[in-house]
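run_23.cif, holding mmCIF, C-alpha atoms and all ligand atoms:
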```cif
data_start
loop_
_atom_site.label_atom_id
_atom_site.label_comp_id
_atom_site.auth_asym_id
_atom_site.auth_seq_id
_atom_site.Cartn_x
_atom_site.Cartn_y
_atom_site.Cartn_z
CA MET A 1179 112.06 115.29 213.78
CA ARG A 1180 115.41 115.24 215.45
CA ALA A 1181 116.32 112.79 218.20
CA SER A 1182 119.58 112.92 220.11
CA LYS A 1183 121.28 111.76 223.27
CA LYS A 1184 123.82 113.46 225.50
CA ILE A 1185 127.01 111.51 226.05
CA ARG A 1186 129.71 112.20 228.59
CA SER A 1187 133.17 111.52 227.23
CA GLN A 1188 136.13 111.32 229.62
CA GLU A 1189 139.14 113.25 228.37
CA SER A 1190 141.77 110.89 229.76
CA GLU A 1191 144.69 112.99 228.55
CA VAL A 1192 143.44 115.95 230.60
CA LYS A 1193 145.04 115.74 234.04
CA SER A 1194 142.02 117.10 235.90
CA GLN A 1195 139.91 114.25 234.43
CA LYS A 1196 137.43 116.79 233.08
CA SER A 1197 134.52 115.20 231.30
CA GLU A 1198 132.85 116.73 228.28
CA ILE A 1199 129.18 116.48 227.37
CA SER A 1200 128.29 116.26 223.72
CA GLU A 1201 125.12 115.47 221.82
CA THR A 1202 125.04 112.43 219.58
CA HIS A 1203 122.56 112.19 216.70
CA ILE A 1204 120.17 109.22 216.96
CA SER A 1205 117.58 109.78 214.24
CA GLY A 1206 116.15 112.47 211.97
CA ALA A 1207 113.28 112.68 209.51
CA GLU A 1208 111.46 115.35 207.54
CA GLY A 1209 108.73 115.66 204.94
CA LEU A 1210 106.08 117.84 203.33
CA TYR A 1211 102.57 116.81 204.35
CA ASP A 1212 98.98 118.05 204.29
CA ALA A 1213 97.88 119.65 207.57
CA SER A 1214 95.44 116.77 208.17
CA GLU A 1215 98.38 114.31 208.24
CA ILE A 1216 100.30 116.10 211.02
CA PRO A 1217 99.06 114.00 214.00
CA ARG A 1218 99.73 110.67 212.27
CA ILE A 1219 103.16 111.67 210.94
CA SER A 1220 104.25 113.18 214.27
CA ASN A 1221 103.23 109.96 216.00
CA ASP A 1222 105.19 107.86 213.43
CA TYR A 1223 108.27 110.04 213.87
CA ILE A 1224 108.12 109.82 217.68
CA LYS A 1225 107.75 106.03 217.55
CA ARG A 1226 110.68 105.84 215.18
CA ALA A 1227 112.84 107.98 217.46
CA LEU A 1228 111.97 105.89 220.53
CA ASN A 1229 112.71 102.56 218.85
CA HIS A 1230 115.97 103.20 217.10
CA SER A 1231 118.87 100.79 216.66
CA LYS A 1232 121.29 103.60 217.67
CA GLY A 1233 119.78 103.68 221.17
CA LYS A 1234 117.25 105.62 223.27
CA PRO A 1235 117.26 109.39 222.76
CA ASP A 1236 117.00 111.77 225.73
CA LYS A 1237 115.67 114.59 223.53
CA ILE A 1238 113.21 114.54 220.63
CA VAL A 1239 112.44 117.78 218.80
CA ILE A 1240 109.49 117.99 216.40
CA THR A 1241 109.26 121.14 214.31
CA ILE A 1242 106.12 121.81 212.28
CA GLU A 1243 106.22 124.73 209.86
CA GLU A 1244 103.67 125.98 207.38
CA ILE A 1245 105.11 126.22 203.87
CA LYS A 1246 103.80 129.24 202.01
CA GLU A 1247 105.62 128.96 198.66
CA LYS A 1248 104.57 126.57 195.93
CA PRO A 1249 107.00 123.62 195.92
CA LEU A 1250 109.23 122.99 192.91
CA LYS A 1251 108.79 119.67 191.11
CA SER A 1252 111.65 117.23 190.44
CA PRO A 1253 111.61 113.75 188.91
CA LEU A 1254 112.16 110.59 190.96
CA LEU A 1255 115.53 108.98 190.21
CA PRO A 1256 115.39 105.50 188.66
CA VAL A 1257 116.35 102.77 191.18
CA THR A 1258 118.85 99.95 190.60
CA THR A 1259 120.28 97.52 193.14
CA ILE A 1260 123.68 96.20 192.15
CA GLU A 1261 125.33 93.00 193.32
CA CYS A 1262 127.92 93.58 195.99
CA ASP A 1263 129.19 91.10 198.60
CA SER A 1264 131.54 93.15 200.75
CA PRO A 1265 132.64 96.67 201.74
CA ALA A 1266 135.83 96.17 199.69
CA GLN A 1267 133.82 95.40 196.56
CA ALA A 1268 131.55 98.36 197.37
CA GLU A 1269 134.60 100.66 197.34
CA ASP A 1270 135.66 99.36 193.91
CA ILE A 1271 132.17 100.12 192.55
CA ILE A 1272 132.15 103.58 194.19
CA PHE A 1273 135.54 104.52 192.70
CA GLN A 1274 134.55 103.21 189.27
CA LYS A 1275 131.19 104.99 189.07
CA LEU A 1276 132.25 108.29 190.65
CA THR A 1277 135.50 108.71 188.70
CA GLU A 1278 133.40 108.32 185.52
CA LEU A 1279 131.70 111.56 186.64
CA ASN A 1280 135.10 113.28 186.94
CA ILE A 1281 135.13 113.15 190.72
CA SER A 1282 138.78 112.82 191.71
CA ARG A 1283 140.19 109.86 193.67
CA LYS A 1284 141.41 112.34 196.30
CA THR A 1285 137.84 113.58 196.78
CA ILE A 1286 136.39 110.05 196.94
CA ASN A 1287 139.02 109.05 199.54
CA LEU A 1288 138.10 112.07 201.67
CA ALA A 1289 134.37 111.19 201.39
CA LEU A 1290 135.04 107.61 202.51
CA LYS A 1291 137.15 108.88 205.42
CA ILE A 1292 134.25 111.09 206.58
CA LEU A 1293 131.76 108.22 206.22
CA LYS A 1294 134.00 105.86 208.19
CA SER A 1295 134.62 108.32 211.01
CA GLU A 1296 133.27 107.39 214.44
CA LYS A 1297 131.89 110.92 214.80
CA THR A 1298 128.71 110.99 212.71
CA MET A 1299 127.08 114.18 211.43
CA ARG A 1300 123.39 115.10 211.45
CA GLY A 1301 123.61 116.50 207.93
CA ALA A 1302 125.72 116.00 204.83
CA ALA A 1303 129.33 117.00 204.18
CA LEU A 1304 129.96 119.02 201.00
CA ILE A 1305 133.18 118.38 199.07
CA THR A 1306 134.29 119.95 195.80
CA ALA A 1307 134.35 117.20 193.17
CA LYS A 1308 137.81 117.85 191.69
CA THR A 1309 139.92 119.52 194.35
CA GLY A 1310 138.44 117.77 197.39
CA ARG A 1311 137.79 120.92 199.47
CA ARG A 1312 135.36 120.63 202.38
CA ILE A 1313 132.94 123.59 202.03
CA GLU A 1314 130.05 123.15 204.47
CA PRO A 1315 130.05 125.99 207.05
CA ASP A 1316 129.50 123.72 210.07
CA ARG A 1317 131.53 120.51 209.93
CA GLU A 1318 129.91 118.99 212.99
CA ARG A 1319 126.32 119.47 211.83
CA GLY A 1320 126.70 119.37 208.04
CA VAL A 1321 123.88 120.41 205.71
CA ARG A 1322 120.51 118.86 206.50
CA VAL A 1323 118.31 118.39 203.41
CA SER A 1324 114.78 119.42 204.30
CA ARG A 1325 111.41 120.49 202.85
CA LEU A 1326 111.01 117.53 200.54
CA GLY A 1327 108.10 115.26 199.87
CA ILE A 1328 105.83 113.49 197.47
CA LYS A 1329 102.12 114.04 196.68
CA LYS A 1330 99.61 111.46 198.01
CA THR A 1331 98.88 109.99 194.55
CA ASP A 1332 102.58 109.61 193.74
CA ARG A 1333 103.21 108.16 197.21
CA LYS A 1334 100.91 105.28 196.26
CA LYS A 1335 102.69 104.81 192.92
CA LEU A 1336 106.06 104.85 194.68
CA GLY A 1337 104.85 102.12 197.05
CA GLN A 1338 103.80 99.98 194.08
CA LEU A 1339 107.07 100.59 192.24
CA LEU A 1340 109.18 99.67 195.30
CA SER A 1341 106.98 96.66 196.12
CA LYS A 1342 107.87 95.17 192.73
CA LEU A 1343 111.54 95.50 193.73
CA HIS A 1344 110.80 94.08 197.25
CA ILE A 1345 112.10 97.25 198.91
CA ASN A 1346 108.89 99.02 199.88
CA ASN A 1347 109.90 100.44 203.27
CA SER A 1348 110.25 103.92 204.74
CA ILE A 1349 114.09 103.83 204.81
CA VAL A 1350 114.32 103.36 201.03
CA LYS A 1351 111.38 105.69 200.30
CA GLU A 1352 112.80 108.58 202.31
CA ALA A 1353 116.36 108.09 201.04
CA LEU A 1354 115.14 107.95 197.42
CA ILE A 1355 113.07 111.14 197.79
CA LEU A 1356 116.02 112.90 199.42
CA ALA A 1357 118.46 111.69 196.73
CA SER A 1358 116.05 112.86 194.01
CA LYS A 1359 115.89 116.38 195.49
CA VAL A 1360 119.69 116.48 195.85
CA ALA A 1361 120.28 115.19 192.29
CA SER A 1362 117.98 117.89 190.88
CA CYS A 1363 120.51 120.51 191.96
CA HIS A 1364 122.86 121.25 189.06
CA ASP A 1365 125.77 122.22 191.27
CA ILE A 1366 125.81 118.69 192.75
CA ALA A 1367 127.57 116.06 190.64
CA ALA A 1368 126.71 113.09 192.87
CA GLU A 1369 125.91 111.88 196.37
CA ILE A 1370 127.14 108.96 198.45
CA CYS A 1371 125.29 107.64 201.51
CA ILE A 1372 126.05 105.00 204.10
CA SER A 1373 123.39 104.58 206.78
CA ASP A 1374 124.67 105.28 210.29
CA ASP A 1375 122.21 102.68 211.62
CA PRO A 1376 124.19 99.63 212.86
CA ASP A 1377 121.58 97.21 211.49
CA TYR A 1378 121.34 98.70 207.97
CA THR A 1379 124.16 97.79 205.59
CA THR A 1380 122.84 98.91 202.18
CA GLY A 1381 124.05 102.30 201.00
CA TYR A 1382 123.80 104.15 197.70
CA ILE A 1383 125.42 106.49 195.27
CA ALA A 1384 123.16 108.78 193.25
CA SER A 1385 123.37 111.22 190.37
CA ARG A 1386 121.32 112.46 187.45
CA ASP A 1387 123.59 110.34 185.21
CA PHE A 1388 123.13 106.88 186.73
CA GLY A 1389 120.14 107.36 189.02
CA TYR A 1390 119.86 105.84 192.52
CA LEU A 1391 122.30 102.92 192.71
CA ARG A 1392 121.81 100.80 195.81
CA ILE A 1393 124.93 99.02 197.10
CA PRO A 1394 124.33 96.12 199.53
CA ASN A 1395 127.08 95.34 202.08
CA ILE A 1396 128.58 98.82 201.81
CA LYS A 1397 129.48 98.38 205.49
CA ASN A 1398 129.57 95.51 208.00
CA TYR A 1399 126.62 94.77 210.28
CA GLY A 1400 126.94 96.44 213.70
CA GLU A 1401 129.06 99.40 212.56
CA MET A 1402 127.81 102.80 213.80
CA ASN A 1403 129.53 104.97 211.19
CA GLY A 1404 127.83 106.51 208.17
CA GLY A 1405 126.37 109.71 206.77
CA ARG A 1406 126.06 111.56 203.48
CA VAL A 1407 128.54 113.39 201.25
CA PHE A 1408 127.57 115.60 198.29
CA PHE A 1409 130.13 116.21 195.52
CA ILE A 1410 129.95 119.85 194.46
CA ARG A 1411 131.03 121.56 191.25
CA GLU A 1412 134.11 123.78 191.79
CA ASN A 1413 132.48 127.11 190.98
CA ALA A 1414 129.16 126.48 192.74
CA ASP A 1415 127.37 129.27 194.62
CA VAL A 1416 127.58 127.55 198.02
CA THR A 1417 125.11 129.86 199.81
CA ALA A 1418 122.45 129.36 197.12
CA LEU A 1419 123.12 125.62 197.11
CA ILE A 1420 122.68 125.27 200.88
CA ASN A 1421 119.56 127.45 200.76
CA PHE A 1422 118.10 125.14 198.09
CA LEU A 1423 118.89 121.97 200.07
CA GLU A 1424 117.67 123.23 203.43
CA LYS A 1425 114.90 125.69 202.59
CA THR A 1426 113.42 125.25 199.10
CA PRO A 1427 110.32 123.01 199.12
CA VAL A 1428 110.57 120.30 196.46
CA VAL A 1429 107.96 117.69 195.60
CA ILE A 1430 109.18 114.58 193.80
CA LYS A 1431 107.15 113.48 190.77
CA ILE A 1432 106.87 109.98 189.35
CA LEU A 1433 106.89 110.35 185.59
CA ILE A 1434 105.88 106.78 184.61
C1 LIG B 1501 119.43 106.19 206.24
O1 LIG B 1501 119.71 105.46 207.18
O2 LIG B 1501 118.62 107.09 206.36
C2 LIG B 1501 120.08 105.94 204.91
C3 LIG B 1501 119.33 104.92 204.17
C4 LIG B 1501 119.99 104.46 202.90
C5 LIG B 1501 119.01 103.59 202.13
C6 LIG B 1501 119.65 102.80 201.08
C7 LIG B 1501 118.63 101.87 200.40
O3 LIG B 1501 118.35 100.81 200.95
O4 LIG B 1501 118.15 102.21 199.31
MG MG B 1502 120.33 106.94 210.57
#
```
What is this file in structure tokens?
Amino acid sequence: MRASKKIRSQESEVKSQKSEISETHISGAEGLYDASEIPRISNDYIKRALNHSKGKPDKIVITIEEIKEKPLKSPLLPVTTIECDSPAQAEDIIFQKLTELNISRKTINLALKILKSEKTMRGAALITAKTGRRIEPDRERGVRVSRLGIKKTDRKKLGQLLSKLHINNSIVKEALILASKVASCHDIAAEICISDDPDYTTGYIASRDFGYLRIPNIKNYGEMNGGRVFFIRENADVTALINFLEKTPVVIKILI
């Protein structure tokens, strides 16, 4: 599902007072489901799009595709919520944890700049971990991770696991499944995510090394900025990497 809204921005510096129409991303969601679940999931996605804290969309696109290949299996990342009282403290934690993975300060600074930008992206930005090069082909759209899901039996287990941590909701579930697919890709050293929803202030960093680390107060309430950045190994095959993220079906397994 993809929900968006057209906005008209006045270009004040242009003498003719031309106005430009651009599309702003409101909400997106994707998953792998049994055919029998399509009506219920489509309905949930539409409701979500129509009741979003970023505003009312003027376009909602639902794409339903049959997946013919057998999905790959990847393990669910372990979840930890760390204590964090402010965005400044969040940045200290982010620098500490990501530099331990040999991600350079230059790269982390660029990631934070992207995530603080007013112009949000529908997908993730890709930055090389050491040299801080931006490598996604479309910088406005980014790379949208898709074709990811969890089997019905594991979905139940995931609900129980997150209930124990008092975080059993669809935002955490979907972010955790996405982060687990992303972390299973060996050319990705880590991910950072700040929600672009103004009423959601917990973000995360994730990697195979430290799992899914939730960071409360990563941004202030009411802020509309956010997004995802993936830190990529220098010599990665970028085409294969993007194909994996966007096209390869992956089902997340709970191994406990
Ligand atoms: C989003 O808005 O889709 C990002 C959600 C991040 C979830 C972080 C968490 O609470 O675990
Ligand atoms: Mg959002």
(request) Let me have all residues with an atom within 8 Å of ligand LIG 1501 (chain B), counting all atoms listed in the file, laid out as a ChimeraX atom specification. (result) /A:1345,1349-1354,1371-1375,1378,1380-1382,1390-1394,1405
Within 12 Å of stretch 1409-1412 of chain A using only C-alpha atoms, minus same-chain residues under 4 positions, as a PDB file with C-alpha atoms, keeping the file's coordinate frame:
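Full text of result17.pdb as output:
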```
ATOM      1  CA  LEU A1276     132.250 108.290 190.650  1.00  0.00           C
ATOM      2  CA  THR A1277     135.500 108.710 188.700  1.00  0.00           C
ATOM      3  CA  LEU A1279     131.700 111.560 186.640  1.00  0.00           C
ATOM      4  CA  ASN A1280     135.100 113.280 186.940  1.00  0.00           C
ATOM      5  CA  ILE A1281     135.130 113.150 190.720  1.00  0.00           C
ATOM      6  CA  SER A1282     138.780 112.820 191.710  1.00  0.00           C
ATOM      7  CA  LYS A1284     141.410 112.340 196.300  1.00  0.00           C
ATOM      8  CA  THR A1285     137.840 113.580 196.780  1.00  0.00           C
ATOM      9  CA  ILE A1286     136.390 110.050 196.940  1.00  0.00           C
ATOM     10  CA  LEU A1288     138.100 112.070 201.670  1.00  0.00           C
ATOM     11  CA  ALA A1289     134.370 111.190 201.390  1.00  0.00           C
ATOM     12  CA  ALA A1302     125.720 116.000 204.830  1.00  0.00           C
ATOM     13  CA  ALA A1303     129.330 117.000 204.180  1.00  0.00           C
ATOM     14  CA  LEU A1304     129.960 119.020 201.000  1.00  0.00           C
ATOM     15  CA  ILE A1305     133.180 118.380 199.070  1.00  0.00           C
ATOM     16  CA  THR A1306     134.290 119.950 195.800  1.00  0.00           C
ATOM     17  CA  ALA A1307     134.350 117.200 193.170  1.00  0.00           C
ATOM     18  CA  LYS A1308     137.810 117.850 191.690  1.00  0.00           C
ATOM     19  CA  THR A1309     139.920 119.520 194.350  1.00  0.00           C
ATOM     20  CA  GLY A1310     138.440 117.770 197.390  1.00  0.00           C
ATOM     21  CA  ARG A1311     137.790 120.920 199.470  1.00  0.00           C
ATOM     22  CA  ARG A1312     135.360 120.630 202.380  1.00  0.00           C
ATOM     23  CA  ILE A1313     132.940 123.590 202.030  1.00  0.00           C
ATOM     24  CA  GLU A1314     130.050 123.150 204.470  1.00  0.00           C
ATOM     25  CA  VAL A1360     119.690 116.480 195.850  1.00  0.00           C
ATOM     26  CA  ALA A1361     120.280 115.190 192.290  1.00  0.00           C
ATOM     27  CA  CYS A1363     120.510 120.510 191.960  1.00  0.00           C
ATOM     28  CA  HIS A1364     122.860 121.250 189.060  1.00  0.00           C
ATOM     29  CA  ASP A1365     125.770 122.220 191.270  1.00  0.00           C
ATOM     30  CA  ILE A1366     125.810 118.690 192.750  1.00  0.00           C
ATOM     31  CA  ALA A1367     127.570 116.060 190.640  1.00  0.00           C
ATOM     32  CA  ALA A1368     126.710 113.090 192.870  1.00  0.00           C
ATOM     33  CA  GLU A1369     125.910 111.880 196.370  1.00  0.00           C
ATOM     34  CA  ILE A1370     127.140 108.960 198.450  1.00  0.00           C
ATOM     35  CA  CYS A1371     125.290 107.640 201.510  1.00  0.00           C
ATOM     36  CA  ILE A1383     125.420 106.490 195.270  1.00  0.00           C
ATOM     37  CA  ALA A1384     123.160 108.780 193.250  1.00  0.00           C
ATOM     38  CA  SER A1385     123.370 111.220 190.370  1.00  0.00           C
ATOM     39  CA  VAL A1416     127.580 127.550 198.020  1.00  0.00           C
ATOM     40  CA  LEU A1419     123.120 125.620 197.110  1.00  0.00           C
ATOM     41  CA  ILE A1420     122.680 125.270 200.880  1.00  0.00           C
TER      42      ILE A1420
END
```
(message) Considering all atoms listed in the file, can you say which of A:Arg1186, A:Arg1333, A:Lys1397, A:Arg1325 comes closest to A:Glu1244?
(response) A:Arg1325
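Residues in contact range of A:Asp1316, defined as at most 10 Å between all atoms listed in the file, with sequence neighbours fewer than 4 positions away removed, read A:Met1299, A:Gly1301, A:Ala1303, A:Gly1320, A:Val1321.
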(request) Point out the residue among A:Lys1425, A:Lys1183, A:Arg1406, A:Lys1237 with the least atom-to-atom distance to ligand MG 1502 (chain B), counting all atoms listed in the file. (result) A:Arg1406
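Proximity ranking of A:His1230, A:Lys1334, A:Ser1295, A:Leu1326 relative to ligand MG 1502 (chain B) places A:His1230 first, based on all atoms listed in the file.
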(request) Identify, on the basis of only C-alpha atoms, every residue whose closest approach to A:Ala1207 does not exceed 8 Å; exclude the query and any residue fewer than 6 positions from it along the same chain; express the result as a list in words. (result)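 Everything that qualifies: Met1179, Arg1180 and Tyr1223 of chain A.
Restricting the calculation to all atoms listed in the file, the smallest distance between ligand MG 1502 (chain B) and any of A:Glu1296, A:Asp1377, A:Glu1215, A:Asp1387 is found for A:Asp1377.
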(request) Using only C-alpha atoms and all ligand atoms, find the one residue out of A:Lys1291, A:His1203, A:Lys1329, A:Arg1283 that sits nearest to ligand MG 1502 (chain B). (result)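 Of A:Lys1291, A:His1203, A:Lys1329, A:Arg1283, the one nearest ligand MG 1502 (chain B), counting only C-alpha atoms and all ligand atoms, is A:His1203.
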(request) Give me the residues within 8 Å of A:Ile1185 as a list in words, counting all atoms listed in the file and dropping any in the same chain fewer than 2 places off. (result)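 Here the qualifying residues turn out to be Lys1183, Ser1187, Ile1199, Ser1200, Glu1201 and Thr1202 of chain A.
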(message) My list of candidates is A:Ala1227, A:Leu1423, A:Ala1181, A:Ile1204. Which is closest to ligand MG 1502 (chain B) when distances are computed with all atoms listed in the file?
(response) A:Ile1204
(request) Could you give me, as a PyMOL selection string, the residues within 7 Å of stretch 1252-1264 of chain A, counting only C-alpha atoms and dropping anything in the same chain fewer than 6 positions from it? (result) chain A and resi 1355+1358-1359+1362+1389-1396+1428-1433
(request) Figure out the distance between atom CA of A:Ser1341 and atom CA of A:Phe1388, please, to one decimal in Å. (result) 21.3 Å
Where atoms are lacking, stretch 1317-1327 of chain A completed to all heavy atoms, as a PDB file, keeping the file's coordinate frame:
```pdb
ATOM      1  N   ARG A1317     131.085 121.883 210.197  1.00  0.00           N
ATOM      2  CA  ARG A1317     131.530 120.510 209.930  1.00  0.00           C
ATOM      3  C   ARG A1317     130.998 119.483 210.914  1.00  0.00           C
ATOM      4  O   ARG A1317     131.104 118.296 210.695  1.00  0.00           O
ATOM      5  CB  ARG A1317     133.059 120.446 209.926  1.00  0.00           C
ATOM      6  CG  ARG A1317     133.636 121.121 208.727  1.00  0.00           C
ATOM      7  CD  ARG A1317     135.077 120.729 208.567  1.00  0.00           C
ATOM      8  NE  ARG A1317     135.656 121.510 207.494  1.00  0.00           N
ATOM      9  CZ  ARG A1317     136.890 121.395 207.085  1.00  0.00           C
ATOM     10  NH1 ARG A1317     137.696 120.530 207.679  1.00  0.00           N
ATOM     11  NH2 ARG A1317     137.350 122.129 206.108  1.00  0.00           N
ATOM     12  N   GLU A1318     130.486 119.962 212.051  1.00  0.00           N
ATOM     13  CA  GLU A1318     129.910 118.990 212.990  1.00  0.00           C
ATOM     14  C   GLU A1318     128.473 118.656 212.598  1.00  0.00           C
ATOM     15  O   GLU A1318     128.057 117.517 212.666  1.00  0.00           O
ATOM     16  CB  GLU A1318     129.923 119.565 214.413  1.00  0.00           C
ATOM     17  CG  GLU A1318     131.281 119.397 215.016  1.00  0.00           C
ATOM     18  CD  GLU A1318     131.267 119.526 216.521  1.00  0.00           C
ATOM     19  OE1 GLU A1318     130.190 119.481 217.139  1.00  0.00           O
ATOM     20  OE2 GLU A1318     132.366 119.681 217.067  1.00  0.00           O
ATOM     21  N   ARG A1319     127.730 119.665 212.174  1.00  0.00           N
ATOM     22  CA  ARG A1319     126.320 119.470 211.830  1.00  0.00           C
ATOM     23  C   ARG A1319     126.145 119.017 210.388  1.00  0.00           C
ATOM     24  O   ARG A1319     125.349 118.156 210.080  1.00  0.00           O
ATOM     25  CB  ARG A1319     125.557 120.782 212.072  1.00  0.00           C
ATOM     26  CG  ARG A1319     124.112 120.743 211.651  1.00  0.00           C
ATOM     27  CD  ARG A1319     123.483 122.121 211.810  1.00  0.00           C
ATOM     28  NE  ARG A1319     122.101 122.141 211.390  1.00  0.00           N
ATOM     29  CZ  ARG A1319     121.719 122.374 210.154  1.00  0.00           C
ATOM     30  NH1 ARG A1319     122.591 122.581 209.198  1.00  0.00           N
ATOM     31  NH2 ARG A1319     120.432 122.400 209.853  1.00  0.00           N
ATOM     32  N   GLY A1320     126.904 119.618 209.465  1.00  0.00           N
ATOM     33  CA  GLY A1320     126.700 119.370 208.040  1.00  0.00           C
ATOM     34  C   GLY A1320     125.472 120.105 207.534  1.00  0.00           C
ATOM     35  O   GLY A1320     124.915 120.972 208.224  1.00  0.00           O
ATOM     36  N   VAL A1321     125.039 119.762 206.323  1.00  0.00           N
ATOM     37  CA  VAL A1321     123.880 120.410 205.710  1.00  0.00           C
ATOM     38  C   VAL A1321     122.728 119.412 205.707  1.00  0.00           C
ATOM     39  O   VAL A1321     122.844 118.324 205.154  1.00  0.00           O
ATOM     40  CB  VAL A1321     124.212 120.852 204.264  1.00  0.00           C
ATOM     41  CG1 VAL A1321     122.968 121.376 203.552  1.00  0.00           C
ATOM     42  CG2 VAL A1321     125.310 121.905 204.279  1.00  0.00           C
ATOM     43  N   ARG A1322     121.647 119.785 206.354  1.00  0.00           N
ATOM     44  CA  ARG A1322     120.510 118.860 206.500  1.00  0.00           C
ATOM     45  C   ARG A1322     119.488 119.143 205.394  1.00  0.00           C
ATOM     46  O   ARG A1322     118.905 120.235 205.353  1.00  0.00           O
ATOM     47  CB  ARG A1322     119.900 119.060 207.884  1.00  0.00           C
ATOM     48  CG  ARG A1322     118.803 118.116 208.224  1.00  0.00           C
ATOM     49  CD  ARG A1322     119.276 116.832 208.830  1.00  0.00           C
ATOM     50  NE  ARG A1322     118.192 115.856 208.791  1.00  0.00           N
ATOM     51  CZ  ARG A1322     118.345 114.581 209.055  1.00  0.00           C
ATOM     52  NH1 ARG A1322     119.512 114.077 209.370  1.00  0.00           N
ATOM     53  NH2 ARG A1322     117.321 113.759 208.995  1.00  0.00           N
ATOM     54  N   VAL A1323     119.276 118.191 204.502  1.00  0.00           N
ATOM     55  CA  VAL A1323     118.310 118.390 203.410  1.00  0.00           C
ATOM     56  C   VAL A1323     116.901 118.323 204.009  1.00  0.00           C
ATOM     57  O   VAL A1323     116.563 117.397 204.737  1.00  0.00           O
ATOM     58  CB  VAL A1323     118.455 117.311 202.318  1.00  0.00           C
ATOM     59  CG1 VAL A1323     117.513 117.583 201.157  1.00  0.00           C
ATOM     60  CG2 VAL A1323     119.897 117.251 201.831  1.00  0.00           C
ATOM     61  N   SER A1324     116.116 119.354 203.698  1.00  0.00           N
ATOM     62  CA  SER A1324     114.780 119.420 204.300  1.00  0.00           C
ATOM     63  C   SER A1324     113.756 119.906 203.271  1.00  0.00           C
ATOM     64  O   SER A1324     114.102 120.184 202.126  1.00  0.00           O
ATOM     65  CB  SER A1324     114.848 120.372 205.500  1.00  0.00           C
ATOM     66  OG  SER A1324     113.720 120.184 206.298  1.00  0.00           O
ATOM     67  N   ARG A1325     112.512 120.007 203.705  1.00  0.00           N
ATOM     68  CA  ARG A1325     111.410 120.490 202.850  1.00  0.00           C
ATOM     69  C   ARG A1325     111.326 119.705 201.547  1.00  0.00           C
ATOM     70  O   ARG A1325     111.489 120.243 200.456  1.00  0.00           O
ATOM     71  CB  ARG A1325     111.562 121.986 202.588  1.00  0.00           C
ATOM     72  CG  ARG A1325     111.600 122.731 203.897  1.00  0.00           C
ATOM     73  CD  ARG A1325     111.412 124.184 203.781  1.00  0.00           C
ATOM     74  NE  ARG A1325     111.458 124.762 205.119  1.00  0.00           N
ATOM     75  CZ  ARG A1325     111.384 126.029 205.383  1.00  0.00           C
ATOM     76  NH1 ARG A1325     111.249 126.895 204.408  1.00  0.00           N
ATOM     77  NH2 ARG A1325     111.442 126.471 206.624  1.00  0.00           N
ATOM     78  N   LEU A1326     111.092 118.422 201.693  1.00  0.00           N
ATOM     79  CA  LEU A1326     111.010 117.530 200.540  1.00  0.00           C
ATOM     80  C   LEU A1326     109.880 116.549 200.773  1.00  0.00           C
ATOM     81  O   LEU A1326     109.572 116.202 201.916  1.00  0.00           O
ATOM     82  CB  LEU A1326     112.341 116.799 200.338  1.00  0.00           C
ATOM     83  CG  LEU A1326     112.796 115.764 201.359  1.00  0.00           C
ATOM     84  CD1 LEU A1326     114.105 115.157 200.911  1.00  0.00           C
ATOM     85  CD2 LEU A1326     112.969 116.330 202.746  1.00  0.00           C
ATOM     86  N   GLY A1327     109.229 116.162 199.683  1.00  0.00           N
ATOM     87  CA  GLY A1327     108.100 115.260 199.870  1.00  0.00           C
ATOM     88  C   GLY A1327     107.586 114.726 198.558  1.00  0.00           C
ATOM     89  O   GLY A1327     108.208 114.879 197.504  1.00  0.00           O
TER      90      GLY A1327
END
```
